[in-house]
Amino acid sequence: MSEPDRPDTPPPTDFPAVESRHYHRRRQLEVTSDTLGTRTTELLDSGFRLGLVAAHEDEDRFRVVYLFLAGHPDRRVELVLTTDRDAPSVPTLAGLSFPAGRFEREMRDLYGIIPLDHPLPRRLVRHQHWPQGWYPMRRDAGAPPAFGSEDQPYPFATVQGPGVYEIPVGPIHAGLIEPGHFRFSVVGETILKLKARLWFVHRGIEKHAEGRTVSEALPLMERVAGDTSVGHALAFSLAVEEALDWAVPAPAQLIRAVLLELERLYNHITDIGALCNDVGQGLLNAHALTLRERLLRLNAETTGHRLLRGAIVPGGARLQTLPTAAAIDHIDAEADRIVTLALGHSVVRDRFTDTAVLPTDQARDLGTLGYVARASGLRIDARHDHPFTEATTRAQLVTKSEGDVMARFLMRAEEFHASALLVKDLLALVGGGDVPLGKLSPIAGQTSGVGLVEGWRGTIAHRIELAPDKTIRRLKIVDPSFLNWPAVPVSLTDTIVPDFPLTNKSFNLSYAGNDL
């Protein structure tokens with residue numbers, strides 16, 4: 001791989017040890033059922049995207065918060081709509097935003113807030129055997145009533161025509177992955193339609209967070225998605241820090257950025273190897289796995305945990321040591337060798353190229369994030385759009401336009417190299433010495449905060465509301481997988497069935513991050 005373009009400005013020789021706050025950009029607007037659609041249209045037309053929809057149960061009403069995001073500069077706007085407690089409903093935004101339709105279906109399943117005139121009103125999270133009229137996120141939900149039979153049929157859309165047949169896959173798979181059901185409608189080997197059914201393991205993460213202190217909830221956040229411990233712990237911490245006006249020392253923010261890139265490195269090299277393995281290049285996968293193991297050991301040396309747990313804390317970061325630039329250089333060179341060998345195989349190039357294409361307009365309409373979006377030409381990256389430290393804006397923004405498996409493979413390869421360079425830049429800024437925790441400013445009353453982080457899969461969003469005693473009143477989590485899963489069936493249209501495992505791996509979305 002060639003070295004990516006670097007910014008024209010040279011890196012600073014030091015970084016001011018000031019305490020940083022990035023909390024002035026979010027503003028709230030009260031809306032009504034009549035003005036919600038108009039305001040949403042204005043924001044979408046101005047370049048904002050819908051990043052999150054959070055329902056809240058107040059004493060005498062339900063409140064829905066719609067978080068819209070835009071970058072360059074970092075902008076965050078919340079539309080707040082209240083609705084009746086006895087018969088809660090909101091006007092649907094599904095006609096304006098595909099992600100809004102999914103957020104609304106999730107909200108209906110968990111809170112019973114009805115999106116009026118929704119074009120696809122059937123359940124999303126709660127499977128058919130879940131009891132009717134029971135909404136688990138409500139305060140008075142109590143213990144769940146009796147569930148129905150799990151053998152109830154699911155209303156899959158049937159594709160009919162000469163030679164059409166169905167192939168069911170899952171939900172139990174022949175590997176250490178979580179459950180998901182995929183039903184293919186096929187002619188010959190060509191996929192006409194794929195339906196992905198998820199939420200087989202709804203864990204109630206957001207409900208478990210309620211009533212806990214920040215410190216009690218932090219280990220839970222590290223386990224939202226096991227391969228994204230830093231991403232979710234950091235998004236949570238940033239949300240808490242905004243809510244409490246908790247200033248974080250600049251060196252601690254730099255260390256957080258290093259940890260975020262270390263998490264990106266070990267996950268990207270894992271995917272690079274797995275993609276090679278899916279096209280018969282097992283030796284390249286073995287090579288990638290040895291490199292992954294070296295990165296996991298580096299993580300353990302750095303933080304005391306192979307998955308980097310325990311290093312991110314509200315107010316700062318905790319480390320045992322810092323990796324060296326030489327170690328990062330050696331790992332980067334080995335990854336480059338794996339990619340070069342992979343691209344030298346005609347079988348790899350043939351299987352990757354023009355397979356499972358996700359066009360730019362569809363990627364945009366679906367609201368995709370991370371390497372999935374960037375492989376389809378969308379320039380979206382929270383390190384640039386919503387930086388928690390200005391140092392992350394030095395990360396090279398890699399994009400492709402083809403939107404196929406090859407583009408998603410090259411995205412990982414080039415981002416790996418760019419992350420290695422960024423880690424070295426950040427290490428030069430951090431220097432040595434202990435990293436102090438930030439200062440907590442006392443704030444009275446209930447407060448809210450938003451944390452945005454470019455995890456290795458894409459932008460992670462956490463929105464928190466704290467009670468007067470500083471316990472968690474409400475926490476809404478959006479893993480990028482929630483927004484990216486609908487892109488898998490879209491990309492597979494007219495793809496052959498044998499390419500499904502390869503396509504699925506090129507997205508590599510989290511079941512856990514989706515099935516909260």
# chains A, B, ... in the order shown; residues from 1 in each chain; ligands from 1
$ closest_atom_pairs --of "stretch 123-143 of chain A" --to "stretch 203-220 of chain A" --cutoff "10 Å" --atoms "only C-alpha atoms" --output "tab-separated table"
residue	atom	partner	partner_atom	distance
A:Pro136	CA	A:Lys207	CA	8.2
A:Met137	CA	A:Lys207	CA	6.3
A:Arg138	CA	A:Lys207	CA	9.1
A:Arg139	CA	A:Lys207	CA	9.5
$ write_last_selection --atoms "C-alpha atoms" --output "short mmCIF file (atom, residue, chain, number, x, y, z; two decimals), in the first residue's frame"
data_model
loop_
_atom_site.label_atom_id
_atom_site.label_comp_id
_atom_site.auth_asym_id
_atom_site.auth_seq_id
_atom_site.Cartn_x
_atom_site.Cartn_y
_atom_site.Cartn_z
CA PRO A 136 -40.44 -3.66 28.46
CA MET A 137 -38.90 -0.16 28.64
CA ARG A 138 -41.82 1.34 30.52
CA ARG A 139 -41.39 1.86 34.25
#
$ residues_around --residues "stretch 304-309 of chain A" --least-positions-apart "4" --cutoff "9 Å" --atoms "only C-alpha atoms" --output "PyMOL selection string"
chain A and resi 219+222+226-230+233+259+262-263+295-300+319-320
$ write_last_selection --atoms "C-alpha atoms" --output "compact mmCIF listing (two decimals), in the first residue's frame"
# COMPACT_ATOMS: atom_id res chain seq x y z
CA PRO A 219 -18.55 -2.20 32.68
CA GLU A 222 -17.78 -2.11 27.60
CA GLY A 226 -17.49 -7.16 22.90
CA ASP A 227 -15.23 -6.14 20.03
CA THR A 228 -16.00 -2.44 20.57
CA SER A 229 -15.18 -1.98 24.26
CA VAL A 230 -13.34 1.30 23.78
CA ALA A 233 -17.07 3.09 26.84
CA LEU A 259 -6.99 3.44 22.36
CA LEU A 262 -5.72 0.30 18.68
CA GLU A 263 -9.23 -1.14 18.71
CA LEU A 295 -2.07 -6.56 18.68
CA LEU A 296 -4.10 -8.17 21.47
CA ARG A 297 -0.91 -8.72 23.47
CA LEU A 298 0.04 -5.10 22.82
CA ASN A 299 -3.39 -4.11 24.14
CA ALA A 300 -2.78 -6.15 27.28
CA LEU A 319 -2.90 3.08 31.16
CA GLN A 320 -0.07 0.81 32.22
$ residues_around --residues "A:Leu29" --least-positions-apart "3" --cutoff "12 Å" --atoms "only C-alpha atoms" --output "ChimeraX atom specification"
/A:26,32,35-36,39-40,43,64-68,76-82
$ residues_around --residues "stretch 150-157 of chain A" --least-positions-apart "3" --cutoff "8 Å" --atoms "only C-alpha atoms" --output "PDB file with C-alpha atoms, in the first residue's frame"
ATOM      1  CA  GLN A 128     -44.053 -12.848  17.278  1.00  0.00           C
ATOM      2  CA  HIS A 129     -44.097 -14.906  20.493  1.00  0.00           C
ATOM      3  CA  LYS A 195     -34.785 -11.037   4.536  1.00  0.00           C
TER       4      LYS A 195
END
$ closest_residue --among "A:Arg379, A:Arg463, A:His386, A:Arg264" --to "A:Leu422" --atoms "only C-alpha atoms"
A:Arg264
$ decode --residues "stretch 280-428 of chain A" --atoms "C-alpha atoms" --output "compact mmCIF listing (two decimals), in the first residue's frame"
# COMPACT_ATOMS: atom_id res chain seq x y z
CA GLY A 280 -9.82 -20.00 0.02
CA GLN A 281 -6.73 -18.15 1.25
CA GLY A 282 -6.41 -19.81 4.65
CA LEU A 283 -2.68 -19.17 4.95
CA LEU A 284 -3.24 -15.42 4.64
CA ASN A 285 -5.91 -15.69 7.33
CA ALA A 286 -3.46 -17.54 9.59
CA HIS A 287 -0.91 -14.79 9.01
CA ALA A 288 -3.53 -12.14 9.85
CA LEU A 289 -4.51 -14.00 13.01
CA THR A 290 -0.91 -14.03 14.23
CA LEU A 291 -0.85 -10.27 13.70
CA ARG A 292 -4.15 -9.94 15.56
CA GLU A 293 -2.65 -11.88 18.46
CA ARG A 294 0.32 -9.51 18.56
CA LEU A 295 -2.07 -6.56 18.68
CA LEU A 296 -4.10 -8.17 21.47
CA ARG A 297 -0.91 -8.72 23.47
CA LEU A 298 0.04 -5.10 22.82
CA ASN A 299 -3.39 -4.11 24.14
CA ALA A 300 -2.78 -6.15 27.28
CA GLU A 301 0.60 -4.49 27.83
CA THR A 302 -0.95 -1.08 27.29
CA THR A 303 -4.07 -1.39 29.43
CA GLY A 304 -3.94 -4.73 31.26
CA HIS A 305 -6.73 -6.18 29.11
CA ARG A 306 -6.57 -7.74 25.66
CA LEU A 307 -9.80 -6.01 24.62
CA LEU A 308 -8.72 -2.69 26.17
CA ARG A 309 -11.30 -2.80 28.95
CA GLY A 310 -10.81 -0.66 32.03
CA ALA A 311 -8.78 2.01 30.22
CA ILE A 312 -11.58 4.49 29.46
CA VAL A 313 -13.15 6.13 32.50
CA PRO A 314 -15.35 9.21 32.79
CA GLY A 315 -13.02 12.15 33.21
CA GLY A 316 -9.96 10.55 31.67
CA ALA A 317 -8.07 7.35 30.88
CA ARG A 318 -5.89 4.83 32.71
CA LEU A 319 -2.90 3.08 31.16
CA GLN A 320 -0.07 0.81 32.22
CA THR A 321 2.23 1.93 29.43
CA LEU A 322 2.18 3.30 25.89
CA PRO A 323 3.02 1.33 22.74
CA THR A 324 6.14 2.35 20.88
CA ALA A 325 6.23 3.78 17.38
CA ALA A 326 8.60 0.96 16.38
CA ALA A 327 6.05 -1.69 17.41
CA ILE A 328 3.34 0.06 15.40
CA ASP A 329 5.65 0.36 12.37
CA HIS A 330 6.43 -3.36 12.40
CA ILE A 331 2.76 -4.34 12.66
CA ASP A 332 1.85 -1.92 9.87
CA ALA A 333 4.51 -3.43 7.58
CA GLU A 334 3.22 -6.95 8.23
CA ALA A 335 -0.35 -5.93 7.47
CA ASP A 336 0.81 -4.34 4.23
CA ARG A 337 2.47 -7.62 3.27
CA ILE A 338 -0.75 -9.59 3.86
CA VAL A 339 -2.77 -7.18 1.73
CA THR A 340 -0.18 -7.21 -1.06
CA LEU A 341 -0.18 -11.02 -1.14
CA ALA A 342 -3.99 -11.11 -1.16
CA LEU A 343 -4.31 -8.67 -4.03
CA GLY A 344 -1.72 -10.64 -5.98
CA HIS A 345 -4.13 -13.58 -6.24
CA SER A 346 -6.44 -13.50 -9.26
CA VAL A 347 -9.02 -15.56 -7.32
CA VAL A 348 -9.18 -12.90 -4.61
CA ARG A 349 -9.57 -10.10 -7.12
CA ASP A 350 -12.21 -12.01 -9.08
CA ARG A 351 -14.31 -12.88 -6.02
CA PHE A 352 -14.08 -9.41 -4.47
CA THR A 353 -14.60 -7.20 -7.51
CA ASP A 354 -18.18 -6.21 -8.42
CA THR A 355 -19.59 -8.49 -5.71
CA ALA A 356 -22.48 -7.22 -3.55
CA VAL A 357 -22.39 -3.62 -4.73
CA LEU A 358 -23.97 -0.97 -2.48
CA PRO A 359 -24.36 2.16 -4.64
CA THR A 360 -23.72 5.58 -3.15
CA ASP A 361 -27.32 6.76 -3.31
CA GLN A 362 -28.59 3.64 -1.55
CA ALA A 363 -25.87 3.87 1.10
CA ARG A 364 -26.93 7.46 1.73
CA ASP A 365 -30.66 6.74 1.81
CA LEU A 366 -30.19 3.85 4.24
CA GLY A 367 -28.11 6.03 6.58
CA THR A 368 -25.07 3.75 6.56
CA LEU A 369 -21.99 4.56 8.61
CA GLY A 370 -18.31 3.67 8.93
CA TYR A 371 -16.35 1.70 6.36
CA VAL A 372 -19.61 0.54 4.76
CA ALA A 373 -20.55 4.13 3.97
CA ARG A 374 -17.05 5.22 3.01
CA ALA A 375 -16.63 2.22 0.66
CA SER A 376 -19.67 3.57 -1.19
CA GLY A 377 -18.27 7.09 -1.47
CA LEU A 378 -19.78 8.81 1.60
CA ARG A 379 -17.37 11.06 3.46
CA ILE A 380 -18.58 10.43 7.00
CA ASP A 381 -16.26 9.92 9.96
CA ALA A 382 -16.85 11.19 13.50
CA ARG A 383 -13.11 11.78 13.95
CA HIS A 384 -13.56 14.67 11.51
CA ASP A 385 -17.26 15.45 11.90
CA HIS A 386 -17.52 15.29 15.72
CA PRO A 387 -13.98 15.28 17.17
CA PHE A 388 -13.61 14.95 20.93
CA THR A 389 -10.04 16.17 20.46
CA GLU A 390 -8.84 18.16 17.48
CA ALA A 391 -5.95 15.72 17.08
CA THR A 392 -8.26 13.10 15.56
CA THR A 393 -8.93 15.36 12.59
CA ARG A 394 -5.43 14.40 11.43
CA ALA A 395 -6.75 10.94 10.56
CA GLN A 396 -6.81 10.43 6.82
CA LEU A 397 -10.37 10.08 5.55
CA VAL A 398 -10.23 7.08 3.20
CA THR A 399 -13.10 6.60 0.75
CA LYS A 400 -13.88 4.40 -2.23
CA SER A 401 -16.65 4.70 -4.79
CA GLU A 402 -17.29 1.15 -6.02
CA GLY A 403 -19.25 -0.06 -2.98
CA ASP A 404 -18.37 -3.73 -3.57
CA VAL A 405 -16.57 -6.34 -1.45
CA MET A 406 -13.26 -5.18 -2.89
CA ALA A 407 -13.96 -1.61 -1.80
CA ARG A 408 -14.83 -2.74 1.72
CA PHE A 409 -11.65 -4.85 1.81
CA LEU A 410 -9.49 -1.95 0.61
CA MET A 411 -11.18 0.37 3.10
CA ARG A 412 -9.97 -1.80 5.94
CA ALA A 413 -6.49 -2.14 4.47
CA GLU A 414 -5.98 1.58 3.91
CA GLU A 415 -7.64 2.53 7.18
CA PHE A 416 -5.31 0.14 8.98
CA HIS A 417 -2.34 2.00 7.54
CA ALA A 418 -3.89 5.40 8.25
CA SER A 419 -4.66 4.36 11.86
CA ALA A 420 -1.08 3.20 12.38
CA LEU A 421 0.18 6.59 11.20
CA LEU A 422 -2.33 8.39 13.42
CA VAL A 423 -1.29 6.35 16.47
CA LYS A 424 2.32 7.37 15.93
CA ASP A 425 1.29 11.03 15.58
CA LEU A 426 -0.74 10.81 18.78
CA LEU A 427 2.05 9.09 20.69
CA ALA A 428 4.38 11.93 19.76
